[in-house]
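Enquirer: What follows is input17.pdb, made up of PDB, C-alpha atoms, pLDDT in the B column:
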```pdb
ATOM      1  CA  VAL A   1      13.839   2.584 -68.998  1.00 70.00           C
ATOM      2  CA  LEU A   2      16.618   1.376 -66.698  1.00 76.00           C
ATOM      3  CA  LYS A   3      16.705   4.750 -64.929  1.00 80.00           C
ATOM      4  CA  ALA A   4      12.937   4.707 -64.465  1.00 84.00           C
ATOM      5  CA  HIS A   5      13.134   1.178 -63.035  1.00 83.00           C
ATOM      6  CA  ALA A   6      15.894   2.237 -60.624  1.00 85.00           C
ATOM      7  CA  ASP A   7      13.828   5.223 -59.493  1.00 85.00           C
ATOM      8  CA  ILE A   8      10.871   2.953 -58.821  1.00 88.00           C
ATOM      9  CA  VAL A   9      13.019   0.569 -56.733  1.00 85.00           C
ATOM     10  CA  GLN A  10      14.474   3.489 -54.793  1.00 88.00           C
ATOM     11  CA  ALA A  11      11.031   4.989 -54.211  1.00 90.00           C
ATOM     12  CA  GLU A  12       9.673   1.647 -52.971  1.00 90.00           C
ATOM     13  CA  ALA A  13      12.627   1.303 -50.597  1.00 90.00           C
ATOM     14  CA  GLN A  14      12.039   4.819 -49.222  1.00 91.00           C
ATOM     15  CA  LEU A  15       8.333   4.071 -48.853  1.00 92.00           C
ATOM     16  CA  SER A  16       9.077   0.868 -46.956  1.00 91.00           C
ATOM     17  CA  ALA A  17      11.483   2.744 -44.660  1.00 92.00           C
ATOM     18  CA  LYS A  18       8.950   5.509 -44.030  1.00 93.00           C
ATOM     19  CA  GLN A  19       6.228   2.948 -43.303  1.00 93.00           C
ATOM     20  CA  ALA A  20       8.514   1.177 -40.807  1.00 93.00           C
ATOM     21  CA  GLU A  21       9.296   4.516 -39.147  1.00 93.00           C
ATOM     22  CA  ARG A  22       5.569   5.341 -39.043  1.00 94.00           C
ATOM     23  CA  ASP A  23       4.777   1.991 -37.409  1.00 93.00           C
ATOM     24  CA  GLN A  24       7.536   2.578 -34.852  1.00 93.00           C
ATOM     25  CA  GLN A  25       6.211   6.054 -34.014  1.00 94.00           C
ATOM     26  CA  LYS A  26       2.643   4.736 -33.740  1.00 94.00           C
ATOM     27  CA  SER A  27       3.833   2.040 -31.307  1.00 94.00           C
ATOM     28  CA  LYS A  28       5.678   4.682 -29.308  1.00 94.00           C
ATOM     29  CA  LEU A  29       2.587   6.909 -29.284  1.00 94.00           C
ATOM     30  CA  THR A  30       0.398   4.037 -28.072  1.00 93.00           C
ATOM     31  CA  LYS A  31       2.857   3.308 -25.253  1.00 93.00           C
ATOM     32  CA  LEU A  32       3.004   6.976 -24.222  1.00 91.00           C
ATOM     33  CA  VAL A  33      -0.795   7.214 -24.174  1.00 91.00           C
ATOM     34  CA  GLU A  34      -0.929   4.120 -21.948  1.00 91.00           C
ATOM     35  CA  GLN A  35       1.689   5.590 -19.605  1.00 86.00           C
ATOM     36  CA  ILE A  36      -0.211   8.885 -19.375  1.00 86.00           C
ATOM     37  CA  GLY A  37      -3.360   6.965 -18.531  1.00 86.00           C
ATOM     38  CA  LYS A  38      -1.549   5.053 -15.771  1.00 82.00           C
ATOM     39  CA  SER A  39      -0.169   8.285 -14.304  1.00 77.00           C
ATOM     40  CA  LYS A  40      -3.635   9.365 -13.208  1.00 80.00           C
ATOM     41  CA  LEU A  41      -3.900   8.804  -9.450  1.00 77.00           C
ATOM     42  CA  VAL A  42      -7.278   8.470  -7.781  1.00 82.00           C
ATOM     43  CA  ALA A  43      -7.524   8.845  -4.009  1.00 81.00           C
ATOM     44  CA  PRO A  44      -9.387   5.971  -2.315  1.00 80.00           C
ATOM     45  CA  ARG A  45     -11.077   8.403   0.076  1.00 78.00           C
ATOM     46  CA  GLU A  46     -11.551  12.080   0.860  1.00 78.00           C
ATOM     47  CA  GLY A  47      -8.988  13.786   3.044  1.00 75.00           C
ATOM     48  CA  LEU A  48      -5.705  15.637   3.221  1.00 76.00           C
ATOM     49  CA  VAL A  49      -2.982  15.155   0.601  1.00 80.00           C
ATOM     50  CA  VAL A  50       0.622  15.686   1.710  1.00 79.00           C
ATOM     51  CA  TYR A  51       3.716  15.728  -0.476  1.00 80.00           C
ATOM     52  CA  ALA A  52       6.058  12.929   0.588  1.00 79.00           C
ATOM     53  CA  THR A  53       8.967  15.349   0.176  1.00 73.00           C
ATOM     54  CA  SER A  54       7.403  17.758   2.666  1.00 66.00           C
ATOM     55  CA  THR A  55       7.735  15.361   5.598  1.00 60.00           C
ATOM     56  CA  ARG A  56      11.482  14.792   5.467  1.00 58.00           C
ATOM     57  CA  THR A  57      14.751  16.542   4.835  1.00 49.00           C
ATOM     58  CA  GLY A  58      17.047  15.624   1.988  1.00 48.00           C
ATOM     59  CA  GLY A  59      20.572  14.274   2.408  1.00 45.00           C
ATOM     60  CA  ARG A  60      22.991  16.553   0.606  1.00 45.00           C
ATOM     61  CA  GLY A  61      20.507  19.026  -0.771  1.00 43.00           C
ATOM     62  CA  GLY A  62      18.771  20.001   2.477  1.00 43.00           C
ATOM     63  CA  MET A  63      14.980  20.273   2.397  1.00 46.00           C
ATOM     64  CA  THR A  64      13.576  18.444  -0.627  1.00 60.00           C
ATOM     65  CA  GLN A  65      11.247  20.521  -2.799  1.00 67.00           C
ATOM     66  CA  PRO A  66       7.659  19.423  -3.564  1.00 71.00           C
ATOM     67  CA  LEU A  67       6.745  17.853  -6.875  1.00 75.00           C
ATOM     68  CA  GLU A  68       6.483  20.078  -9.924  1.00 79.00           C
ATOM     69  CA  GLU A  69       4.709  19.617 -13.242  1.00 80.00           C
ATOM     70  CA  GLY A  70       6.962  17.851 -15.721  1.00 80.00           C
ATOM     71  CA  GLN A  71       9.328  16.522 -13.058  1.00 81.00           C
ATOM     72  CA  SER A  72      10.723  13.033 -13.655  1.00 81.00           C
ATOM     73  CA  VAL A  73      10.026  10.356 -11.056  1.00 79.00           C
ATOM     74  CA  ARG A  74      11.579   6.948 -10.550  1.00 81.00           C
ATOM     75  CA  GLU A  75      10.043   3.564  -9.949  1.00 80.00           C
ATOM     76  CA  ARG A  76       8.688   3.036  -6.401  1.00 79.00           C
ATOM     77  CA  GLN A  77       9.318   6.679  -5.485  1.00 82.00           C
ATOM     78  CA  GLU A  78       6.988   7.967  -2.751  1.00 80.00           C
ATOM     79  CA  LEU A  79       5.022  10.905  -4.180  1.00 82.00           C
ATOM     80  CA  ILE A  80       2.182  11.746  -1.808  1.00 82.00           C
ATOM     81  CA  TYR A  81       0.734  10.624   1.507  1.00 80.00           C
ATOM     82  CA  LEU A  82      -2.934  10.401   2.442  1.00 79.00           C
ATOM     83  CA  PRO A  83      -2.781  10.696   6.242  1.00 73.00           C
ATOM     84  CA  SER A  84      -5.684   9.182   8.150  1.00 70.00           C
ATOM     85  CA  THR A  85      -6.296   8.796  11.868  1.00 64.00           C
ATOM     86  CA  GLN A  86      -8.236   5.592  11.243  1.00 71.00           C
ATOM     87  CA  ALA A  87      -4.960   3.625  11.221  1.00 77.00           C
ATOM     88  CA  MET A  88      -1.814   5.174  12.722  1.00 86.00           C
ATOM     89  CA  MET A  89       1.691   3.769  12.567  1.00 88.00           C
ATOM     90  CA  ALA A  90       4.846   4.574  14.516  1.00 91.00           C
ATOM     91  CA  GLU A  91       8.180   4.274  12.728  1.00 91.00           C
ATOM     92  CA  LEU A  92      11.064   3.156  14.935  1.00 91.00           C
ATOM     93  CA  MET A  93      14.773   2.603  14.390  1.00 91.00           C
ATOM     94  CA  ILE A  94      16.117  -0.488  16.168  1.00 90.00           C
ATOM     95  CA  HIS A  95      19.873  -0.733  16.731  1.00 90.00           C
ATOM     96  CA  GLU A  96      21.476  -3.914  15.449  1.00 90.00           C
ATOM     97  CA  SER A  97      22.554  -4.884  18.971  1.00 85.00           C
ATOM     98  CA  SER A  98      18.885  -5.117  20.045  1.00 86.00           C
ATOM     99  CA  LEU A  99      17.474  -6.525  16.821  1.00 88.00           C
ATOM    100  CA  GLU A 100      17.466 -10.159  17.972  1.00 88.00           C
ATOM    101  CA  LYS A 101      15.127  -9.241  20.838  1.00 88.00           C
ATOM    102  CA  VAL A 102      12.451  -7.782  18.554  1.00 91.00           C
ATOM    103  CA  GLN A 103       9.877 -10.138  17.040  1.00 92.00           C
ATOM    104  CA  MET A 104       6.728  -9.713  15.004  1.00 93.00           C
ATOM    105  CA  ASP A 105       3.478  -9.066  16.924  1.00 93.00           C
ATOM    106  CA  GLN A 106       5.226  -8.005  20.142  1.00 94.00           C
ATOM    107  CA  PRO A 107       3.210  -5.455  22.169  1.00 95.00           C
ATOM    108  CA  VAL A 108       4.494  -1.879  22.181  1.00 95.00           C
ATOM    109  CA  TYR A 109       3.772   1.134  24.397  1.00 95.00           C
ATOM    110  CA  VAL A 110       4.079   4.497  22.631  1.00 95.00           C
ATOM    111  CA  THR A 111       4.299   7.932  24.269  1.00 93.00           C
ATOM    112  CA  LEU A 112       4.468  11.336  22.578  1.00 92.00           C
ATOM    113  CA  ASP A 113       6.186  14.547  23.611  1.00 87.00           C
ATOM    114  CA  ALA A 114       3.112  16.473  22.465  1.00 89.00           C
ATOM    115  CA  MET A 115       0.789  14.467  24.738  1.00 90.00           C
ATOM    116  CA  PRO A 116       2.443  13.966  28.128  1.00 90.00           C
ATOM    117  CA  GLY A 117       0.716  11.442  30.333  1.00 89.00           C
ATOM    118  CA  ARG A 118      -0.891   9.575  27.415  1.00 92.00           C
ATOM    119  CA  THR A 119       0.177   6.057  26.428  1.00 94.00           C
ATOM    120  CA  PHE A 120      -0.861   4.356  23.194  1.00 94.00           C
ATOM    121  CA  THR A 121      -0.605   0.632  22.542  1.00 94.00           C
ATOM    122  CA  GLY A 122       0.292  -1.210  19.385  1.00 94.00           C
ATOM    123  CA  ARG A 123       2.163  -4.192  17.950  1.00 95.00           C
ATOM    124  CA  VAL A 124       5.244  -4.737  15.812  1.00 94.00           C
ATOM    125  CA  ARG A 125       4.096  -5.403  12.247  1.00 93.00           C
ATOM    126  CA  PHE A 126       7.233  -4.933  10.132  1.00 93.00           C
ATOM    127  CA  ILE A 127      10.997  -5.258  10.638  1.00 92.00           C
ATOM    128  CA  ALA A 128      13.226  -4.196   7.756  1.00 90.00           C
ATOM    129  CA  PRO A 129      15.548  -6.945   6.463  1.00 89.00           C
ATOM    130  CA  LEU A 130      18.317  -4.413   5.698  1.00 88.00           C
ATOM    131  CA  PRO A 131      19.726  -1.468   7.692  1.00 88.00           C
ATOM    132  CA  ASP A 132      18.448   2.015   6.957  1.00 84.00           C
ATOM    133  CA  ALA A 133      20.495   3.397   4.033  1.00 80.00           C
ATOM    134  CA  GLN A 134      20.121   7.086   4.929  1.00 75.00           C
ATOM    135  CA  ASN A 135      21.285   6.505   8.493  1.00 71.00           C
ATOM    136  CA  MET A 136      24.277   4.525   7.231  1.00 70.00           C
ATOM    137  CA  PHE A 137      25.169   7.422   4.925  1.00 67.00           C
ATOM    138  CA  MET A 138      25.177   9.837   7.858  1.00 69.00           C
ATOM    139  CA  THR A 139      26.860   7.448  10.344  1.00 72.00           C
ATOM    140  CA  ALA A 140      28.643   4.566   8.640  1.00 70.00           C
ATOM    141  CA  ASP A 141      29.450   2.645  11.837  1.00 75.00           C
ATOM    142  CA  ARG A 142      25.881   2.779  13.189  1.00 81.00           C
ATOM    143  CA  LYS A 143      23.365   0.342  11.734  1.00 89.00           C
ATOM    144  CA  VAL A 144      19.683   0.649  12.600  1.00 90.00           C
ATOM    145  CA  TYR A 145      16.684  -1.188  11.160  1.00 92.00           C
ATOM    146  CA  ALA A 146      13.373   0.494  10.363  1.00 90.00           C
ATOM    147  CA  THR A 147      10.551  -1.074  12.360  1.00 93.00           C
ATOM    148  CA  LYS A 148       6.856  -0.275  12.000  1.00 93.00           C
ATOM    149  CA  VAL A 149       4.371  -0.418  14.863  1.00 94.00           C
ATOM    150  CA  PHE A 150       0.638  -0.317  14.109  1.00 93.00           C
ATOM    151  CA  LEU A 151      -1.289   1.433  16.873  1.00 93.00           C
ATOM    152  CA  ASP A 152      -4.478  -0.057  18.249  1.00 92.00           C
ATOM    153  CA  GLY A 153      -7.850   1.576  17.545  1.00 86.00           C
ATOM    154  CA  SER A 154      -8.620   4.981  16.089  1.00 82.00           C
ATOM    155  CA  ASN A 155      -6.666   7.949  17.434  1.00 80.00           C
ATOM    156  CA  PRO A 156      -8.041  11.180  15.902  1.00 81.00           C
ATOM    157  CA  GLU A 157      -5.905  13.327  18.238  1.00 84.00           C
ATOM    158  CA  LEU A 158      -2.670  12.071  16.659  1.00 84.00           C
ATOM    159  CA  ARG A 159      -1.029  13.920  13.761  1.00 82.00           C
ATOM    160  CA  THR A 160       1.333  12.721  11.064  1.00 78.00           C
ATOM    161  CA  GLY A 161       4.979  13.468  11.812  1.00 79.00           C
ATOM    162  CA  MET A 162       4.718  13.658  15.619  1.00 86.00           C
ATOM    163  CA  SER A 163       7.792  12.561  17.575  1.00 89.00           C
ATOM    164  CA  CYS A 164       7.309   9.533  19.786  1.00 90.00           C
ATOM    165  CA  ARG A 165       9.090   7.158  22.137  1.00 91.00           C
ATOM    166  CA  ALA A 166       8.323   3.447  22.091  1.00 92.00           C
ATOM    167  CA  GLU A 167       8.889   0.618  24.555  1.00 91.00           C
ATOM    168  CA  ILE A 168       8.713  -2.878  23.080  1.00 92.00           C
ATOM    169  CA  LEU A 169       7.661  -5.576  25.551  1.00 91.00           C
ATOM    170  CA  VAL A 170      10.176  -8.319  24.766  1.00 88.00           C
ATOM    171  CA  ASP A 171       9.362 -10.549  27.733  1.00 87.00           C
ATOM    172  CA  LYS A 172       7.745 -10.399  31.155  1.00 84.00           C
ATOM    173  CA  PHE A 173       8.935 -11.874  34.454  1.00 84.00           C
ATOM    174  CA  GLU A 174       7.248 -12.027  37.840  1.00 84.00           C
ATOM    175  CA  ASN A 175       9.403 -11.113  40.889  1.00 86.00           C
ATOM    176  CA  ALA A 176      12.539 -10.731  38.781  1.00 89.00           C
ATOM    177  CA  LEU A 177      15.896  -9.918  40.382  1.00 93.00           C
ATOM    178  CA  TYR A 178      17.771  -7.207  38.521  1.00 93.00           C
ATOM    179  CA  VAL A 179      20.704  -4.803  38.883  1.00 94.00           C
ATOM    180  CA  PRO A 180      21.854  -1.757  36.912  1.00 93.00           C
ATOM    181  CA  ILE A 181      23.464  -2.890  33.687  1.00 93.00           C
ATOM    182  CA  GLN A 182      26.622  -0.907  34.576  1.00 93.00           C
ATOM    183  CA  ALA A 183      27.130  -3.171  37.620  1.00 94.00           C
ATOM    184  CA  VAL A 184      27.828  -6.225  35.427  1.00 94.00           C
ATOM    185  CA  VAL A 185      31.334  -6.558  33.976  1.00 94.00           C
ATOM    186  CA  ARG A 186      33.183  -9.297  32.126  1.00 93.00           C
ATOM    187  CA  VAL A 187      35.928 -11.109  34.067  1.00 91.00           C
ATOM    188  CA  ALA A 188      37.699 -13.861  32.125  1.00 90.00           C
ATOM    189  CA  GLY A 189      34.756 -13.825  29.737  1.00 90.00           C
ATOM    190  CA  GLN A 190      32.162 -14.409  32.467  1.00 93.00           C
ATOM    191  CA  PRO A 191      29.501 -11.884  33.592  1.00 94.00           C
ATOM    192  CA  THR A 192      30.520 -10.742  37.046  1.00 95.00           C
ATOM    193  CA  VAL A 193      29.256  -8.364  39.728  1.00 94.00           C
ATOM    194  CA  TYR A 194      31.108  -7.082  42.763  1.00 95.00           C
ATOM    195  CA  VAL A 195      29.137  -7.830  45.938  1.00 94.00           C
ATOM    196  CA  ARG A 196      29.830  -6.013  49.195  1.00 91.00           C
ATOM    197  CA  GLY A 197      30.906  -8.296  52.041  1.00 87.00           C
ATOM    198  CA  ASP A 198      32.504  -7.935  55.468  1.00 86.00           C
ATOM    199  CA  ASP A 199      35.958  -7.353  53.960  1.00 86.00           C
ATOM    200  CA  GLY A 200      34.913  -5.120  51.059  1.00 90.00           C
ATOM    201  CA  TYR A 201      33.688  -5.986  47.604  1.00 92.00           C
ATOM    202  CA  GLU A 202      34.334  -9.410  46.099  1.00 92.00           C
ATOM    203  CA  PRO A 203      33.695 -10.587  42.512  1.00 92.00           C
ATOM    204  CA  ARG A 204      30.919 -13.071  41.948  1.00 93.00           C
ATOM    205  CA  THR A 205      30.004 -14.790  38.691  1.00 94.00           C
ATOM    206  CA  VAL A 206      26.331 -14.430  37.757  1.00 94.00           C
ATOM    207  CA  GLU A 207      23.976 -15.726  35.093  1.00 94.00           C
ATOM    208  CA  THR A 208      22.281 -12.883  33.276  1.00 93.00           C
ATOM    209  CA  GLY A 209      19.086 -12.715  31.257  1.00 90.00           C
ATOM    210  CA  LEU A 210      17.598  -9.955  29.162  1.00 87.00           C
ATOM    211  CA  ASP A 211      18.304  -6.265  29.658  1.00 86.00           C
ATOM    212  CA  ASN A 212      16.492  -3.069  28.726  1.00 80.00           C
ATOM    213  CA  SER A 213      19.597  -0.885  28.327  1.00 78.00           C
ATOM    214  CA  SER A 214      19.094   0.232  31.937  1.00 87.00           C
ATOM    215  CA  MET A 215      18.621  -2.881  34.084  1.00 90.00           C
ATOM    216  CA  VAL A 216      19.698  -6.479  33.509  1.00 92.00           C
ATOM    217  CA  HIS A 217      17.932  -9.600  34.761  1.00 93.00           C
ATOM    218  CA  ILE A 218      20.021 -11.716  37.151  1.00 93.00           C
ATOM    219  CA  LYS A 219      19.027 -15.390  37.119  1.00 93.00           C
ATOM    220  CA  THR A 220      21.565 -16.743  39.589  1.00 92.00           C
ATOM    221  CA  GLY A 221      24.592 -15.541  41.527  1.00 92.00           C
ATOM    222  CA  VAL A 222      23.241 -12.906  43.922  1.00 92.00           C
ATOM    223  CA  GLU A 223      20.377 -12.643  46.376  1.00 91.00           C
ATOM    224  CA  VAL A 224      17.741  -9.983  46.973  1.00 92.00           C
ATOM    225  CA  GLY A 225      19.060  -7.277  49.314  1.00 90.00           C
ATOM    226  CA  GLU A 226      22.762  -7.739  48.583  1.00 91.00           C
ATOM    227  CA  THR A 227      24.681  -4.592  47.640  1.00 92.00           C
ATOM    228  CA  VAL A 228      26.558  -4.600  44.359  1.00 92.00           C
TER
END
```
Would you write the structure of this file as structure tokens?
Expert:
Amino acid sequence: VLKAHADIVQAEAQLSAKQAERDQQKSKLTKLVEQIGKSKLVAPREGLVVYATSTRTGGRGGMTQPLEEGQSVRERQELIYLPSTQAMMAELMIHESSLEKVQMDQPVYVTLDAMPGRTFTGRVRFIAPLPDAQNMFMTADRKVYATKVFLDGSNPELRTGMSCRAEILVDKFENALYVPIQAVVRVAGQPTVYVRGDDGYEPRTVETGLDNSSMVHIKTGVEVGETV
């Protein structure tokens, strides 16, 4: 009788353990079914589908391969692009030295190597808060910030992945006096240009404004027509 009672207790314990395992597996199955349902992607419109990995090169591994069935993906990983000419965007990299000049909604002029003579307009819509990680990996001492420019209107002649050059209109001055940026040097911490006079060139302290990496605005210190 005692042995039969012990067998019953043991059998009930095994049954309880099996039921708990069954409930755990059912919960896991329900979660997997939900995840499979969420993995179904529906395009919002008809058009071309492009692998995200096909538009860029990998870091250490060279060209990244397209997605394959059964491949694991991580959270927020870019999988595919749905390119559309209804809304085009230019991706720029702004060096940290020029970042303070760039503001949201500034007008931008975009030109493309593939379309000489054409100029497209747009505005700054996004400035990354952190430097580009891939660029920092390649060049540790060079920090650039990804900036997105949304182009105006519909541009069906543009194609995804085209190379472009952008000019951001930071400010505009009428009748501005300017000199080549190489002509301005620091003397005792003050911006200085060397102006040609009767006895050669003499240093003259100036007040500078904005520059465009080529020319610098001179507010005071020299006059129009002087040679520096």
Enquirer: So how many Å separate atom CA of Pro203 of chain A and atom CA of Gln190 of chain A, to one decimal?
Expert: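 About the pair atom CA of Pro203 of chain A and atom CA of Gln190 of chain A: they are 10.9 Å apart.
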Enquirer: On this structure, the PyMOL selection byres ((chain A and resi 218) around 8) would catch which residues? List them as a list in words, sorted by chain and number.
Expert: Ala176, Leu177, Tyr178, Val179, Val206, Glu207, Thr208, Gly209, Val216, His217, Lys219, Thr220, Gly221 and Val222 of chain A
Enquirer: What separation in Å, quoted to one decimal, exists between atom CA of Thr121 of chain A and atom CA of Val108 of chain A?
Expert: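 Here the two named atoms are 5.7 Å from each other.
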Enquirer: Kindly extract all protein, DNA and RNA residues lying within 10 Å of the coordinates (-14.0, 11.0, 5.4) given in the file, considering only C-alpha atoms, and supply them as JSON, numbers by chain.
Expert: {"A": [45, 46, 47, 48, 84, 86]}
Enquirer: List as a list in words the residues having at least one atom at most 9 Å from position (8.7, 1.0, 12.9) as given in the file, counting only C-alpha atoms.
Expert: Met89, Ala90, Glu91, Leu92, Met93, Ile94, Val124, Arg125, Phe126, Ile127, Ala128, Tyr145, Ala146, Thr147, Lys148, Val149 and Phe150 of chain A
Enquirer: Using all atoms listed in the file, which residue out of A:Ser213, A:Asn155, A:Ser163, A:Thr205 lies closest to Pro180 of chain A?
Expert: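 Using all atoms listed in the file, the shortest distance to Pro180 of chain A belongs to A:Ser213.
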Enquirer: Report the distance between atom CA of Arg74 of chain A and atom CA of Pro44 of chain A in Å, rounded to one decimal place.
Expert: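 Calculated distance between atom CA of Arg74 of chain A and atom CA of Pro44 of chain A is 22.5 Å.
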Enquirer: Only N, CA and C atoms, as an mmCIF file, in the first residue's frame: that is what I want for segment 135-161 of chain A.
Expert:
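part_39.cif, written as the output of this step:
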```cif
data_model
loop_
_atom_site.group_PDB
_atom_site.id
_atom_site.type_symbol
_atom_site.label_atom_id
_atom_site.label_comp_id
_atom_site.auth_asym_id
_atom_site.auth_seq_id
_atom_site.Cartn_x
_atom_site.Cartn_y
_atom_site.Cartn_z
ATOM 1 N N ASN A 135 32.419 56.305 -40.611
ATOM 2 C CA ASN A 135 33.499 57.201 -41.006
ATOM 3 C C ASN A 135 34.548 57.299 -39.912
ATOM 4 N N MET A 136 34.116 57.279 -38.653
ATOM 5 C CA MET A 136 35.061 57.315 -37.541
ATOM 6 C C MET A 136 35.900 56.049 -37.494
ATOM 7 N N PHE A 137 35.308 54.913 -37.886
ATOM 8 C CA PHE A 137 36.054 53.657 -37.913
ATOM 9 C C PHE A 137 37.163 53.711 -38.964
ATOM 10 N N MET A 138 36.858 54.320 -40.115
ATOM 11 C CA MET A 138 37.838 54.408 -41.183
ATOM 12 C C MET A 138 38.881 55.492 -40.900
ATOM 13 N N THR A 139 38.446 56.633 -40.348
ATOM 14 C CA THR A 139 39.347 57.752 -40.060
ATOM 15 C C THR A 139 39.000 58.290 -38.685
ATOM 16 N N ALA A 140 39.744 57.853 -37.677
ATOM 17 C CA ALA A 140 39.394 58.155 -36.289
ATOM 18 C C ALA A 140 39.455 59.640 -35.970
ATOM 19 N N ASP A 141 40.359 60.389 -36.610
ATOM 20 C CA ASP A 141 40.522 61.800 -36.286
ATOM 21 C C ASP A 141 39.650 62.708 -37.143
ATOM 22 N N ARG A 142 38.753 62.150 -37.920
ATOM 23 C CA ARG A 142 37.863 62.949 -38.776
ATOM 24 C C ARG A 142 36.419 62.659 -38.411
ATOM 25 N N LYS A 143 35.726 63.663 -37.898
ATOM 26 C CA LYS A 143 34.347 63.486 -37.459
ATOM 27 C C LYS A 143 33.412 64.258 -38.391
ATOM 28 N N VAL A 144 32.485 63.544 -38.989
ATOM 29 C CA VAL A 144 31.486 64.155 -39.860
ATOM 30 C C VAL A 144 30.101 63.725 -39.387
ATOM 31 N N TYR A 145 29.115 64.584 -39.661
ATOM 32 C CA TYR A 145 27.750 64.351 -39.198
ATOM 33 C C TYR A 145 26.814 64.197 -40.391
ATOM 34 N N ALA A 146 26.063 63.108 -40.406
ATOM 35 C CA ALA A 146 25.125 62.846 -41.495
ATOM 36 C C ALA A 146 24.012 63.894 -41.479
ATOM 37 N N THR A 147 23.787 64.482 -42.639
ATOM 38 C CA THR A 147 22.771 65.527 -42.790
ATOM 39 C C THR A 147 21.900 65.191 -43.991
ATOM 40 N N LYS A 148 20.589 65.296 -43.818
ATOM 41 C CA LYS A 148 19.658 64.937 -44.882
ATOM 42 C C LYS A 148 18.992 66.190 -45.443
ATOM 43 N N VAL A 149 18.985 66.262 -46.772
ATOM 44 C CA VAL A 149 18.362 67.375 -47.484
ATOM 45 C C VAL A 149 17.215 66.833 -48.323
ATOM 46 N N PHE A 150 16.014 67.328 -48.105
ATOM 47 C CA PHE A 150 14.853 66.920 -48.893
ATOM 48 C C PHE A 150 14.738 67.849 -50.091
ATOM 49 N N LEU A 151 14.724 67.271 -51.293
ATOM 50 C CA LEU A 151 14.651 68.060 -52.509
ATOM 51 C C LEU A 151 13.219 68.521 -52.772
ATOM 52 N N ASP A 152 13.108 69.667 -53.387
ATOM 53 C CA ASP A 152 11.793 70.230 -53.695
ATOM 54 C C ASP A 152 11.188 69.542 -54.919
ATOM 55 N N GLY A 153 9.860 69.338 -54.881
ATOM 56 C CA GLY A 153 9.129 68.831 -56.036
ATOM 57 C C GLY A 153 9.430 67.386 -56.375
ATOM 58 N N SER A 154 8.897 66.953 -57.488
ATOM 59 C CA SER A 154 9.105 65.598 -57.999
ATOM 60 C C SER A 154 10.193 65.633 -59.065
ATOM 61 N N ASN A 155 11.124 64.699 -58.975
ATOM 62 C CA ASN A 155 12.266 64.669 -59.892
ATOM 63 C C ASN A 155 12.425 63.262 -60.465
ATOM 64 N N PRO A 156 11.595 62.895 -61.445
ATOM 65 C CA PRO A 156 11.626 61.519 -61.975
ATOM 66 C C PRO A 156 12.934 61.165 -62.670
ATOM 67 N N GLU A 157 13.747 62.164 -63.062
ATOM 68 C CA GLU A 157 15.000 61.866 -63.741
ATOM 69 C C GLU A 157 16.102 61.431 -62.782
ATOM 70 N N LEU A 158 15.908 61.655 -61.482
ATOM 71 C CA LEU A 158 16.915 61.265 -60.498
ATOM 72 C C LEU A 158 16.819 59.771 -60.197
ATOM 73 N N ARG A 159 17.956 59.190 -59.804
ATOM 74 C CA ARG A 159 18.023 57.770 -59.468
ATOM 75 C C ARG A 159 18.689 57.605 -58.109
ATOM 76 N N THR A 160 18.245 56.599 -57.379
ATOM 77 C CA THR A 160 18.816 56.313 -56.070
ATOM 78 C C THR A 160 20.290 55.959 -56.199
ATOM 79 N N GLY A 161 21.107 56.550 -55.322
ATOM 80 C CA GLY A 161 22.531 56.233 -55.294
ATOM 81 C C GLY A 161 23.403 57.159 -56.119
#
```
